[in-house]
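**Q** Below is the file target-v3.txt, which contains compact mmCIF, C-alpha atoms.
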# COMPACT_ATOMS: atom_id res chain seq x y z
CA MET N 1399 0.00 0.00 0.00
CA LYS N 1400 1.33 3.37 -0.97
CA LYS N 1401 1.82 6.06 1.59
CA GLU N 1402 -1.04 8.47 1.70
CA GLU N 1403 -0.21 11.77 0.13
CA PRO N 1404 -1.47 15.11 1.41
CA ASN N 1405 -5.13 15.39 0.62
CA LYS N 1406 -4.79 18.74 -1.12
CA LEU N 1407 -4.17 19.85 -4.66
CA ILE N 1408 -1.64 22.48 -5.75
CA CYS N 1409 -4.35 25.12 -5.69
CA GLY N 1410 -5.04 24.19 -2.07
CA LEU N 1411 -8.43 22.64 -2.73
CA SER N 1412 -9.31 19.45 -0.87
CA ILE N 1413 -9.64 16.27 -2.92
CA GLU N 1414 -12.56 15.34 -0.69
CA LEU N 1415 -14.51 18.22 -2.19
CA LEU N 1416 -13.79 17.03 -5.73
CA SER N 1417 -14.74 13.49 -4.82
CA ALA N 1418 -17.99 14.63 -3.19
CA TYR N 1419 -18.76 16.84 -6.20
CA LEU N 1420 -18.30 13.80 -8.41
CA ASP N 1421 -20.81 11.92 -6.28
CA ASN N 1422 -23.28 14.78 -6.41
CA GLU N 1423 -23.06 15.13 -2.66
CA LEU N 1424 -22.14 18.81 -2.60
CA GLU N 1425 -24.95 21.24 -2.05
CA GLY N 1426 -25.59 24.95 -1.79
CA LYS N 1427 -22.68 27.24 -1.12
CA ASP N 1428 -20.00 24.51 -1.37
CA ARG N 1429 -21.24 23.40 -4.76
CA ARG N 1430 -21.44 26.91 -6.18
CA MET N 1431 -17.94 27.72 -4.87
CA LEU N 1432 -16.44 24.61 -6.44
CA GLU N 1433 -18.15 25.10 -9.77
CA ALA N 1434 -16.76 28.64 -9.90
CA HIS N 1435 -13.29 27.31 -9.05
CA LEU N 1436 -13.44 24.67 -11.78
CA GLN N 1437 -14.02 27.42 -14.34
CA VAL N 1438 -10.55 28.83 -13.62
CA CYS N 1439 -8.44 25.93 -12.27
CA THR N 1440 -7.24 23.51 -14.97
CA GLU N 1441 -5.45 21.36 -12.38
CA CYS N 1442 -8.71 20.66 -10.57
CA LYS N 1443 -10.50 20.03 -13.86
CA LYS N 1444 -7.90 17.42 -14.81
CA GLU N 1445 -8.03 15.84 -11.36
CA ILE N 1446 -11.78 15.52 -11.44
CA GLU N 1447 -11.52 13.78 -14.82
CA ARG N 1448 -8.90 11.39 -13.47
CA LEU N 1449 -11.15 10.50 -10.51
CA ARG N 1450 -14.08 10.01 -12.86
CA GLY N 1451 -11.85 7.70 -14.88
CA VAL N 1452 -11.26 5.56 -11.79
CA ASP N 1453 -15.01 5.21 -11.28
CA GLU N 1454 -15.50 4.24 -14.92
CA ILE N 1455 -12.84 1.57 -14.77
CA LEU N 1456 -14.47 0.06 -11.68
CA LYS N 1457 -17.95 0.26 -13.17
CA GLY N 1458 -16.74 -1.38 -16.34
CA GLN N 1459 -15.35 -4.35 -14.49
CA VAL N 1460 -17.30 -7.48 -15.36
CA ILE N 1461 -18.55 -9.59 -12.51
CA GLU N 1462 -18.01 -13.31 -12.92
CA GLU N 1463 -21.32 -15.15 -13.16
CA PRO N 1464 -22.15 -17.24 -10.10
CA SER N 1465 -22.03 -21.01 -10.47
CA THR N 1466 -25.19 -22.97 -11.31
CA ASP N 1467 -24.95 -24.58 -7.89
CA PHE N 1468 -25.19 -21.12 -6.36
CA VAL N 1469 -28.11 -20.10 -8.55
CA TYR N 1470 -30.17 -23.24 -7.99
CA ASN N 1471 -29.10 -24.59 -4.61
CA LEU N 1472 -28.19 -21.62 -2.45
CA ASN N 1473 -31.72 -21.27 -1.13
CA LYS N 1474 -31.95 -24.98 -0.27
CA LYS N 1475 -28.57 -24.96 1.45
CA ILE N 1476 -29.38 -21.95 3.56
CA MET N 1477 -32.85 -23.22 4.45
CA ALA N 1478 -31.40 -26.59 5.46
CA ARG N 1479 -28.98 -24.85 7.78
CA ILE N 1480 -31.70 -22.64 9.19
CA GLU N 1481 -34.26 -25.38 9.73
CA SER N 1482 -32.13 -28.17 11.13
CA PRO N 1483 -31.37 -26.69 14.55
CA LYS N 1484 -35.04 -25.76 15.04
CA ARG N 1485 -36.29 -29.25 14.31
CA LEU N 1486 -34.10 -30.66 17.06
CA ASN N 1487 -35.68 -28.22 19.50
CA ILE N 1488 -32.85 -28.64 21.99
CA PRO N 1489 -33.54 -26.85 25.25
CA PHE N 1490 -30.91 -24.22 26.01
CA TRP N 1491 -30.00 -25.87 29.32
CA LEU N 1492 -29.34 -29.32 27.83
CA PRO N 1493 -25.70 -28.79 26.79
CA VAL N 1494 -24.94 -27.64 30.34
CA MET N 1495 -26.73 -30.60 31.89
CA VAL N 1496 -25.26 -33.32 29.66
CA PRO N 1497 -22.00 -33.84 31.64
CA GLY N 1498 -23.96 -33.98 34.90
CA ILE N 1499 -26.43 -36.48 33.53
CA ALA N 1500 -23.54 -38.60 32.22
CA VAL N 1501 -21.90 -38.65 35.65
CA VAL N 1502 -25.16 -39.68 37.35
CA LEU N 1503 -25.70 -42.46 34.79
CA ILE N 1504 -22.14 -43.75 35.26
CA VAL N 1505 -22.61 -43.82 39.06
CA ILE N 1506 -25.91 -45.70 38.68
CA LEU N 1507 -24.38 -48.23 36.29
CA LEU N 1508 -21.41 -48.83 38.56
CA ASN N 1509 -23.65 -49.42 41.56
CA TYR N 1510 -26.13 -51.68 39.80
CA PRO N 1511 -24.17 -54.17 37.81
CA LYS N 1512 -26.21 -56.22 35.42
CA PRO N 1513 -26.18 -59.93 36.24
CA PRO N 1514 -24.04 -61.72 33.70
CA ASP N 1515 -25.77 -63.48 30.85
CA LYS N 1516 -22.89 -65.84 30.33
CA VAL N 1517 -20.51 -67.22 32.82
CA GLY N 1518 -16.96 -66.12 32.44
CA MET N 1519 -13.92 -65.40 34.51
CA GLU N 1520 -14.88 -61.79 34.81
CA HIS N 1521 -18.21 -62.79 36.26
CA ARG N 1522 -16.84 -65.10 38.86
CA LEU N 1523 -18.70 -64.73 42.11
CA VAL N 1524 -17.36 -65.72 45.43
CA PHE N 1525 -19.59 -66.62 48.28
CA THR N 1526 -18.44 -64.69 51.23
CA GLU N 1527 -19.80 -67.06 53.71
CA ILE N 1528 -19.47 -70.76 53.62
CA LYS N 1529 -21.03 -72.59 56.44
CA THR N 1530 -19.74 -75.99 57.26
CA GLU N 1531 -21.50 -78.55 59.32
CA SER N 1532 -20.47 -81.82 60.61
CA SER N 1533 -22.71 -84.74 59.77
CA GLY N 1534 -21.26 -86.71 62.65
CA LYS N 1535 -19.83 -89.19 60.21
CA ALA N 1536 -16.53 -89.51 58.45
CA ALA N 1537 -17.82 -87.44 55.60
CA ILE N 1538 -18.49 -83.81 56.37
CA GLU N 1539 -21.07 -81.79 54.61
CA LEU N 1540 -20.44 -78.47 53.06
CA GLU N 1541 -23.46 -76.32 52.73
CA ILE N 1542 -23.75 -73.36 50.45
CA PRO N 1543 -26.42 -71.23 52.01
CA THR N 1544 -28.78 -69.08 50.01
CA PRO N 1545 -26.03 -66.86 48.84
CA VAL N 1546 -25.46 -63.27 49.50
CA ALA N 1547 -23.36 -62.74 46.45
CA GLU N 1548 -20.93 -59.96 45.90
CA ARG N 1549 -18.86 -59.09 42.94
CA PHE N 1550 -15.20 -59.56 43.58
CA ALA N 1551 -12.31 -58.75 41.41
CA TYR N 1552 -10.16 -61.79 40.86
CA ALA N 1553 -7.24 -60.08 42.58
CA ARG N 1554 -9.32 -59.79 45.71
CA SER N 1555 -10.15 -63.44 45.60
CA GLU N 1556 -6.46 -64.20 45.17
CA GLU N 1557 -5.74 -61.99 48.14
CA LYS N 1558 -8.15 -63.99 50.21
CA ILE N 1559 -6.49 -67.15 49.15
CA LYS N 1560 -3.11 -65.74 50.04
CA LYS N 1561 -4.42 -64.64 53.42
CA SER N 1562 -5.83 -68.05 54.10
CA GLU N 1563 -2.51 -69.49 53.00
CA LYS N 1564 -0.70 -67.37 55.57
CA SER N 1565 -2.99 -68.45 58.37
CA LYS N 1566 -2.69 -72.01 57.22
CA PRO N 1567 -1.53 -74.44 59.90
CA PRO N 1568 1.55 -76.48 59.11
CA GLU N 1569 -0.44 -79.61 58.39
CA ALA N 1570 -2.15 -80.06 55.02
CA PRO N 1571 -5.62 -78.48 54.89
CA THR N 1572 -8.66 -80.50 54.28
CA MET N 1573 -11.20 -79.64 51.67
CA VAL N 1574 -14.45 -81.40 52.25
CA VAL N 1575 -17.22 -81.13 49.79
CA GLY N 1576 -20.54 -82.75 50.18
CA SER N 1577 -24.17 -82.41 49.65
CA PRO N 1578 -26.42 -81.19 52.44
CA ASP N 1579 -29.13 -83.68 51.65
CA LYS N 1580 -26.97 -86.78 51.61
CA THR N 1581 -25.37 -88.61 54.41
CA GLU N 1582 -22.55 -89.68 52.22
CA GLY N 1583 -20.05 -86.98 51.73
CA LEU N 1584 -16.78 -86.79 49.95
CA THR N 1585 -13.46 -86.38 51.60
CA LEU N 1586 -10.57 -85.49 49.40
CA ARG N 1587 -8.00 -85.13 52.04
CA SER N 1588 -4.99 -86.19 50.11
CA GLU N 1589 -5.83 -85.03 46.58
CA LEU N 1590 -6.71 -81.50 47.57
CA SER N 1591 -4.01 -80.94 50.06
CA LYS N 1592 -2.12 -78.57 47.80
CA GLU N 1593 -5.04 -77.11 45.91
CA LYS N 1594 -6.06 -73.55 46.45
CA ILE N 1595 -9.22 -73.25 44.43
CA VAL N 1596 -12.04 -75.59 43.85
CA ARG N 1597 -14.36 -74.07 41.33
CA ALA N 1598 -17.68 -75.33 40.22
CA ILE N 1599 -20.10 -74.11 37.67
CA VAL N 1600 -23.51 -74.27 39.23
CA ASP N 1601 -26.54 -73.79 37.07
CA SER N 1602 -29.46 -71.60 38.01
CA THR N 1603 -31.23 -74.50 39.73
CA GLY N 1604 -28.20 -75.12 41.95
CA ARG N 1605 -27.01 -78.25 40.12
CA VAL N 1606 -23.26 -78.67 39.83
CA LEU N 1607 -22.22 -78.86 36.18
CA LYS N 1608 -18.42 -78.69 36.03
CA VAL N 1609 -15.66 -78.77 38.55
CA ALA N 1610 -12.10 -77.55 38.29
CA THR N 1611 -9.23 -77.22 40.71
CA GLY N 1612 -5.91 -75.48 40.66
CA VAL N 1613 -3.79 -72.62 41.83
CA SER N 1614 -3.79 -70.57 38.66
CA ILE N 1615 -6.34 -68.04 37.46
CA ILE N 1616 -7.93 -70.67 35.28
CA PRO N 1617 -8.11 -73.92 37.17
CA GLU N 1618 -7.90 -77.14 35.24
CA LYS N 1619 -10.72 -79.54 34.90
CA ASP N 1620 -10.75 -82.05 37.73
CA THR N 1621 -12.33 -85.24 36.47
CA THR N 1622 -12.18 -87.12 39.77
CA LEU N 1623 -13.81 -84.39 41.74
CA GLU N 1624 -16.24 -83.64 38.94
CA LYS N 1625 -17.31 -87.28 38.86
CA HIS N 1626 -18.32 -87.06 42.49
CA LEU N 1627 -19.84 -83.62 42.41
CA GLN N 1628 -21.55 -83.49 39.04
CA GLY N 1629 -25.30 -83.32 39.42
CA LYS N 1630 -25.20 -82.55 43.12
CA GLN N 1631 -27.93 -80.25 44.19
CA LEU N 1632 -26.95 -77.09 46.04
CA ALA N 1633 -29.04 -74.11 46.94
CA PRO N 1634 -29.80 -72.23 43.68
CA PRO N 1635 -27.45 -69.28 43.46
CA THR N 1636 -29.21 -65.99 43.22
CA VAL N 1637 -28.06 -62.56 42.42
CA ARG N 1638 -30.37 -59.76 43.45
CA GLY N 1639 -33.22 -62.18 43.81
CA LYS N 1640 -32.75 -63.80 40.40
CA THR N 1641 -31.42 -67.28 40.03
CA THR N 1642 -28.48 -67.51 37.70
CA GLN N 1643 -25.75 -69.79 36.54
CA MET N 1644 -22.42 -68.86 38.09
CA PHE N 1645 -18.97 -69.90 39.08
CA VAL N 1646 -18.71 -70.87 42.69
CA ASP N 1647 -15.36 -70.80 44.36
CA PHE N 1648 -15.16 -73.07 47.36
CA ILE N 1649 -12.83 -71.21 49.59
CA GLU N 1650 -10.43 -73.45 51.29
CA THR N 1651 -11.46 -74.10 54.83
CA LYS N 1652 -9.91 -76.17 57.48
CA LYS N 1653 -12.28 -78.70 58.87
CA ASP N 1654 -12.12 -79.87 62.43
CA SER N 1655 -12.52 -83.54 61.92
CA ASN N 1656 -14.15 -85.57 64.63
CA MET R 570 -45.01 -20.48 -2.87
CA TYR R 571 -47.66 -18.21 -1.44
CA TYR R 572 -45.03 -16.04 0.21
CA ASN R 573 -43.60 -14.77 -3.03
CA ASN R 574 -45.99 -11.87 -3.38
CA GLU R 575 -45.55 -10.65 0.13
CA SER R 576 -43.53 -7.54 0.97
CA ASP R 577 -40.12 -7.75 2.64
CA GLU R 578 -41.60 -6.36 5.81
CA ALA R 579 -44.40 -8.94 5.95
CA LEU R 580 -41.93 -11.75 5.36
CA ILE R 581 -39.58 -10.45 8.02
CA GLU R 582 -42.44 -10.28 10.52
CA ARG R 583 -43.26 -13.90 9.75
CA VAL R 584 -39.64 -14.92 10.25
CA LYS R 585 -39.53 -13.02 13.52
CA LYS R 586 -42.56 -15.01 14.68
CA GLY R 587 -40.72 -18.27 13.96
CA ASP R 588 -41.86 -19.06 10.42
CA CYS R 589 -38.46 -19.81 8.92
CA GLU R 590 -39.97 -20.71 5.51
CA ALA R 591 -40.74 -17.03 5.04
CA PHE R 592 -37.00 -16.36 4.83
CA SER R 593 -36.70 -18.30 1.57
CA PRO R 594 -38.21 -15.59 -0.72
CA LEU R 595 -35.90 -13.03 0.88
CA ILE R 596 -32.91 -15.14 -0.14
CA GLU R 597 -34.19 -15.31 -3.70
CA ARG R 598 -34.77 -11.55 -3.84
CA TYR R 599 -31.43 -10.48 -2.46
CA LYS R 600 -28.93 -13.21 -3.28
CA MET R 601 -27.61 -11.45 -6.38
CA LEU R 602 -27.33 -8.11 -4.63
CA VAL R 603 -25.26 -9.71 -1.90
CA TYR R 604 -23.27 -11.71 -4.45
CA ARG R 605 -22.38 -8.55 -6.41
CA LEU R 606 -21.43 -6.65 -3.31
CA VAL R 607 -19.22 -9.36 -1.89
CA TYR R 608 -17.71 -10.21 -5.27
CA ARG R 609 -16.70 -6.58 -5.84
CA MET R 610 -14.82 -6.64 -2.57
CA LEU R 611 -13.27 -10.09 -2.93
CA GLY R 612 -12.94 -10.65 -6.66
CA ASN R 613 -13.16 -14.39 -6.17
CA ARG R 614 -16.23 -16.44 -7.05
CA ASP R 615 -15.72 -19.39 -4.73
CA ASP R 616 -15.10 -17.30 -1.63
CA THR R 617 -17.96 -15.01 -2.60
CA GLU R 618 -20.44 -17.87 -2.89
CA ASP R 619 -19.42 -19.26 0.50
CA LEU R 620 -19.65 -15.86 2.09
CA VAL R 621 -23.09 -15.12 0.63
CA GLN R 622 -24.37 -18.19 2.43
CA GLU R 623 -22.89 -16.95 5.70
CA VAL R 624 -24.42 -13.51 5.14
CA PHE R 625 -27.93 -14.96 4.92
CA ILE R 626 -27.40 -17.24 7.91
CA LYS R 627 -26.18 -14.27 9.92
CA ALA R 628 -29.14 -12.19 8.72
CA TYR R 629 -31.56 -14.93 9.77
CA ASN R 630 -29.97 -15.28 13.19
CA SER R 631 -30.05 -11.52 13.79
CA ILE R 632 -33.48 -10.89 12.28
CA LYS R 633 -34.88 -9.85 15.65
CA SER R 634 -32.55 -6.85 15.65
CA PHE R 635 -34.01 -5.65 12.35
CA LYS R 636 -36.11 -2.55 13.00
CA SER R 637 -39.61 -2.77 11.56
CA GLY R 638 -40.32 -0.07 9.05
CA SER R 639 -36.74 0.22 7.78
CA SER R 640 -35.49 -1.13 4.50
CA PHE R 641 -34.12 -4.69 4.38
CA SER R 642 -31.55 -4.12 1.66
CA PRO R 643 -29.20 -1.68 3.52
CA TRP R 644 -29.48 -3.81 6.64
CA LEU R 645 -28.47 -6.89 4.65
CA SER R 646 -25.70 -4.97 2.88
CA LYS R 647 -24.33 -3.95 6.25
CA ILE R 648 -24.07 -7.58 7.28
CA ALA R 649 -22.49 -8.47 3.94
CA VAL R 650 -19.90 -5.68 4.11
CA ASN R 651 -18.99 -6.41 7.72
CA LEU R 652 -18.63 -10.14 7.11
CA THR R 653 -16.55 -9.47 4.00
CA ILE R 654 -14.28 -7.06 5.87
CA ASN R 655 -13.78 -9.66 8.60
CA PHE R 656 -13.13 -12.31 5.97
CA ILE R 657 -10.53 -10.14 4.24
CA LYS R 658 -8.82 -9.38 7.55
CA LYS R 659 -8.73 -13.06 8.43
CA GLU R 660 -7.59 -14.23 5.04
CA LYS R 661 -5.33 -11.28 4.27
CA ARG R 662 -2.11 -13.23 4.41
CA GLY R 663 -3.23 -16.06 2.19
CA HIS R 664 -5.06 -13.65 -0.07
CA LEU R 665 -1.98 -11.50 -0.60
CA GLU R 666 0.06 -14.58 -1.37
CA SER R 667 -2.43 -15.63 -4.01
CA LEU R 668 -2.40 -12.11 -5.42
CA ASP R 669 1.37 -12.25 -5.64
CA ARG R 670 0.96 -15.40 -7.69
CA VAL R 671 -1.56 -13.62 -9.91
CA GLN R 672 0.84 -10.72 -10.30
CA ASN R 673 3.67 -13.05 -11.30
CA GLN R 674 1.34 -14.74 -13.74
CA ILE R 675 0.41 -11.37 -15.19
CA SER R 676 4.04 -10.39 -15.76
CA SER R 677 4.97 -13.78 -17.22
CA ASN R 678 2.00 -13.85 -19.57
CA LYS R 679 2.09 -10.19 -20.43
CA ASP R 680 3.11 -10.64 -24.05
CA ASP R 681 1.30 -13.89 -24.70
CA PRO R 682 -2.19 -13.29 -26.07
CA VAL R 683 -2.90 -17.03 -26.21
CA GLU R 684 -2.31 -17.50 -22.49
CA MET R 685 -4.42 -14.64 -21.36
CA THR R 686 -6.81 -12.38 -23.16
CA ARG R 687 -6.44 -8.67 -22.72
CA SER R 688 -9.71 -8.27 -20.85
CA LYS R 689 -8.85 -11.02 -18.43
CA LEU R 690 -5.51 -9.42 -17.78
CA LEU R 691 -7.15 -6.06 -17.19
CA LYS R 692 -9.68 -7.60 -14.82
CA GLU R 693 -6.94 -9.19 -12.77
CA LYS R 694 -4.99 -5.95 -12.65
CA ILE R 695 -8.03 -4.04 -11.40
CA GLN R 696 -8.66 -6.72 -8.85
CA GLU R 697 -5.10 -6.50 -7.69
CA ALA R 698 -5.33 -2.73 -7.38
CA MET R 699 -8.50 -3.15 -5.33
CA SER R 700 -6.86 -5.70 -3.08
CA ARG R 701 -4.13 -3.18 -2.26
CA LEU R 702 -6.75 -0.91 -0.74
CA PRO R 703 -7.52 -1.31 2.95
CA GLU R 704 -10.83 -3.15 3.36
CA ILE R 705 -12.59 -0.07 4.84
CA TYR R 706 -11.79 1.89 1.66
CA ARG R 707 -12.88 -1.01 -0.50
CA ALA R 708 -16.22 -1.12 1.30
CA VAL R 709 -17.05 2.58 0.72
CA LEU R 710 -15.98 2.38 -2.91
CA VAL R 711 -18.10 -0.67 -3.63
CA LEU R 712 -21.13 0.78 -1.88
CA ARG R 713 -20.79 4.10 -3.69
CA ILE R 714 -19.65 3.12 -7.17
CA GLU R 715 -21.24 -0.29 -7.58
CA GLU R 716 -24.35 0.08 -5.48
CA GLU R 717 -24.69 3.84 -6.04
CA LEU R 718 -25.71 4.48 -2.45
CA SER R 719 -25.70 7.99 -0.99
CA TYR R 720 -23.14 9.03 1.63
CA GLU R 721 -25.87 8.91 4.22
CA GLU R 722 -26.84 5.34 3.31
CA ILE R 723 -23.20 4.26 3.29
CA GLY R 724 -22.72 5.91 6.68
CA LYS R 725 -25.67 3.96 8.07
CA ILE R 726 -24.41 0.68 6.68
CA LEU R 727 -20.86 1.13 7.94
CA ASN R 728 -21.89 2.92 11.09
CA ILE R 729 -19.72 5.95 10.37
CA PRO R 730 -20.51 9.67 10.00
CA LYS R 731 -21.18 11.18 6.58
CA GLY R 732 -17.93 13.17 6.80
CA THR R 733 -15.93 9.98 7.26
CA VAL R 734 -17.61 8.45 4.22
CA MET R 735 -16.57 11.52 2.22
CA SER R 736 -12.92 11.42 3.31
CA ARG R 737 -12.60 7.63 2.90
CA LEU R 738 -14.05 7.80 -0.59
CA ALA R 739 -11.68 10.57 -1.60
CA ARG R 740 -8.67 8.65 -0.28
CA ALA R 741 -9.82 5.42 -1.87
CA ARG R 742 -10.19 7.10 -5.27
CA GLN R 743 -6.84 8.80 -4.95
CA CYS R 744 -5.06 5.56 -4.01
CA LEU R 745 -6.72 3.65 -6.84
CA LYS R 746 -5.91 6.39 -9.34
CA GLU R 747 -2.22 6.18 -8.44
CA THR R 748 -2.18 2.37 -8.54
CA PHE R 749 -3.91 2.38 -11.93
CA GLU R 750 -1.36 4.85 -13.26
CA GLU R 751 1.45 2.69 -11.91
CA MET R 752 -0.02 -0.39 -13.64
CA GLY R 753 -0.73 1.44 -16.85
CA ILE R 754 -4.47 1.02 -16.56
CA GLY R 755 -6.63 3.59 -18.23
CA SER R 756 -3.69 5.39 -19.82
Represent the structure contained in this file as structure tokens.
**A**
Amino acid sequence: MKKEEPNKLICGLSIELLSAYLDNELEGKDRRMLEAHLQVCTECKKEIERLRGVDEILKGQVIEEPSTDFVYNLNKKIMARIESPKRLNIPFWLPVMVPGIAVVLIVILLNYPKPPDKVGMEHRLVFTEIKTESSGKAAIELEIPTPVAERFAYARSEEKIKKSEKSKPPEAPTMVVGSPDKTEGLTLRSELSKEKIVRAIVDSTGRVLKVATGVSIIPEKDTTLEKHLQGKQLAPPTVRGKTTQMFVDFIETKKDSN
Amino acid sequence: MYYNNESDEALIERVKKGDCEAFSPLIERYKMLVYRLVYRMLGNRDDTEDLVQEVFIKAYNSIKSFKSGSSFSPWLSKIAVNLTINFIKKEKRGHLESLDRVQNQISSNKDDPVEMTRSKLLKEKIQEAMSRLPEIYRAVLVLRIEEELSYEEIGKILNIPKGTVMSRLARARQCLKETFEEMGIGS
């Protein structure tokens, strides 16, 4: 951009006056004075012609035709943009409330876990209370009461196992599994001495389906134990009042044998 | 459409009451006016077409501020000029770069009539001269020379006193005259 030059002509007249005269914006005394000046000042006459020339060049400039898309679709495009937010009819407070609503929903979901549809490691439930009763015979019954089930992370279950391991007496622990409605129980004193987990899949009616034992996260199938336990009837496991199939971990307990 | 025969004022009242369909005839009536105005300031069809859309969206969103009884066209022009000025300010760097390219193209094709016709060359030169003007000068020039509005109308559109319109127009003409002389336009 060029530096602005003084806004006056040699004769001292302001260019603003010439420009306004050109635009027919001068009236009365100013107009008469300028017209009289133009009669005698050739410099101003030339300048006014030059300025008129600028206007003519600009007026003569051809405007590029708009595209056909503009001609035919502009209206549609604008109307689409105008109408779409109205149709949604979003209340003004909603954007502010959305994060709050999201937090509340997350809290609700975390506190009310949906019972699992399929049994998997992540859905493993541990009964917190395992009541043992002596039948007065060699075999000891293990009763799973109507469960109060809680969701445990596996790590927590492991922790429990470790804790029980620490409090373990020097002699090998005894895992006794039996059925509350049978006098004959099952004692697996020797086989289970080193096992840490006995896991059964119990169906929604409380019937034992599969049994596995081991110390790892995924215990291996235990055919011997399964043979004895398969089909045994336990109290149907329920979660929040609904019966469901689940993993049952028999936490290792030491039994006071008679 | 039954709206087509209605006056601007009646349509605007409908829009104000929430009938957005009534805005459609206003677009049809004024799209070319806005196109011309913006094009004169930008000299670029694509940018102009995009900006025209924004002008109407802005007009629709601010329709409640439109004073009943006044004319729609200067109000719309005001929006168009202000949006174009903002656009030029925002895009100035890129725009100047593209103009430099145009300028280089002009000098390289100067003697080649096959590459560029004389009228096209002239058009680009004028556009370049216009682009050298500050956007506030461009706005008064376009409103006065292209739209033939009075100083008072221009003052209302740009929200400046009549005296300022007069001085800006004089400076704009003077600057353009010198640039045209420099480029050999009109001589």
**Q** Would you mind listing, as a PyMOL selection string, all residues of chain R that have at least one atom within 6 Å of chain N, where all atoms listed in the file are what counts?
**A** chain R and resi 701+736+739+746
**Q** Calculate how many Å separate CA of Leu727 (chain R) from CA of Ile654 (chain R), rounding to one decimal.
**A**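 Distance reported for this atom pair: 10.7 Å.
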**Q** Hey, can you check how far CA of Glu697 (chain R) sits from CA of Arg740 (chain R)?
**A**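 So the answer is 17.2 Å.
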**Q** Neighbours of Arg605 (chain R) within 9 Å (only C-alpha atoms; same-chain residues fewer than 4 positions away dropped), as number ranges by chain?
**A** N: 1461; R: 600-601, 609-610, 617, 715-716
**Q** Enter the distance from CA of Met699 (chain R) to CA of Leu738 (chain R), in Å, rounded to one decimal.
**A**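 Atom-to-atom, CA of Met699 (chain R) and CA of Leu738 (chain R) are spaced 13.2 Å apart.
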**Q** Counting only C-alpha atoms, which of N:Leu1507, N:Lys1444, N:Lys1427, N:Ala1598 gets nearest to Glu1618 (chain N)?
**A** N:Ala1598
**Q** Quick one: residues within 9 Å of Ile723 (chain R), all atoms listed in the file counted, chain neighbours fewer than 3 positions away excluded, as a list in words?
**A** Pro643, Lys647, Val709, Leu712, Arg713, Leu718, Ser719, Tyr720, Ile726, Leu727, Asn728, Ile729, Lys731 and Val734 of chain R
**Q** Name the residues, using the chain letters and numbers of the file, that sit within 9 Å of (-10.3, 2.1, 1.3) when counting only C-alpha atoms, and give them as a list in words.
**A**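 Neighbouring residues, ordered by chain and number, come to Met699, Arg701, Leu702, Pro703, Glu704, Ile705, Tyr706, Arg707, Ala708, Val709, Leu710, Arg737, Leu738, Arg740, Ala741, Arg742 and Cys744 of chain R.
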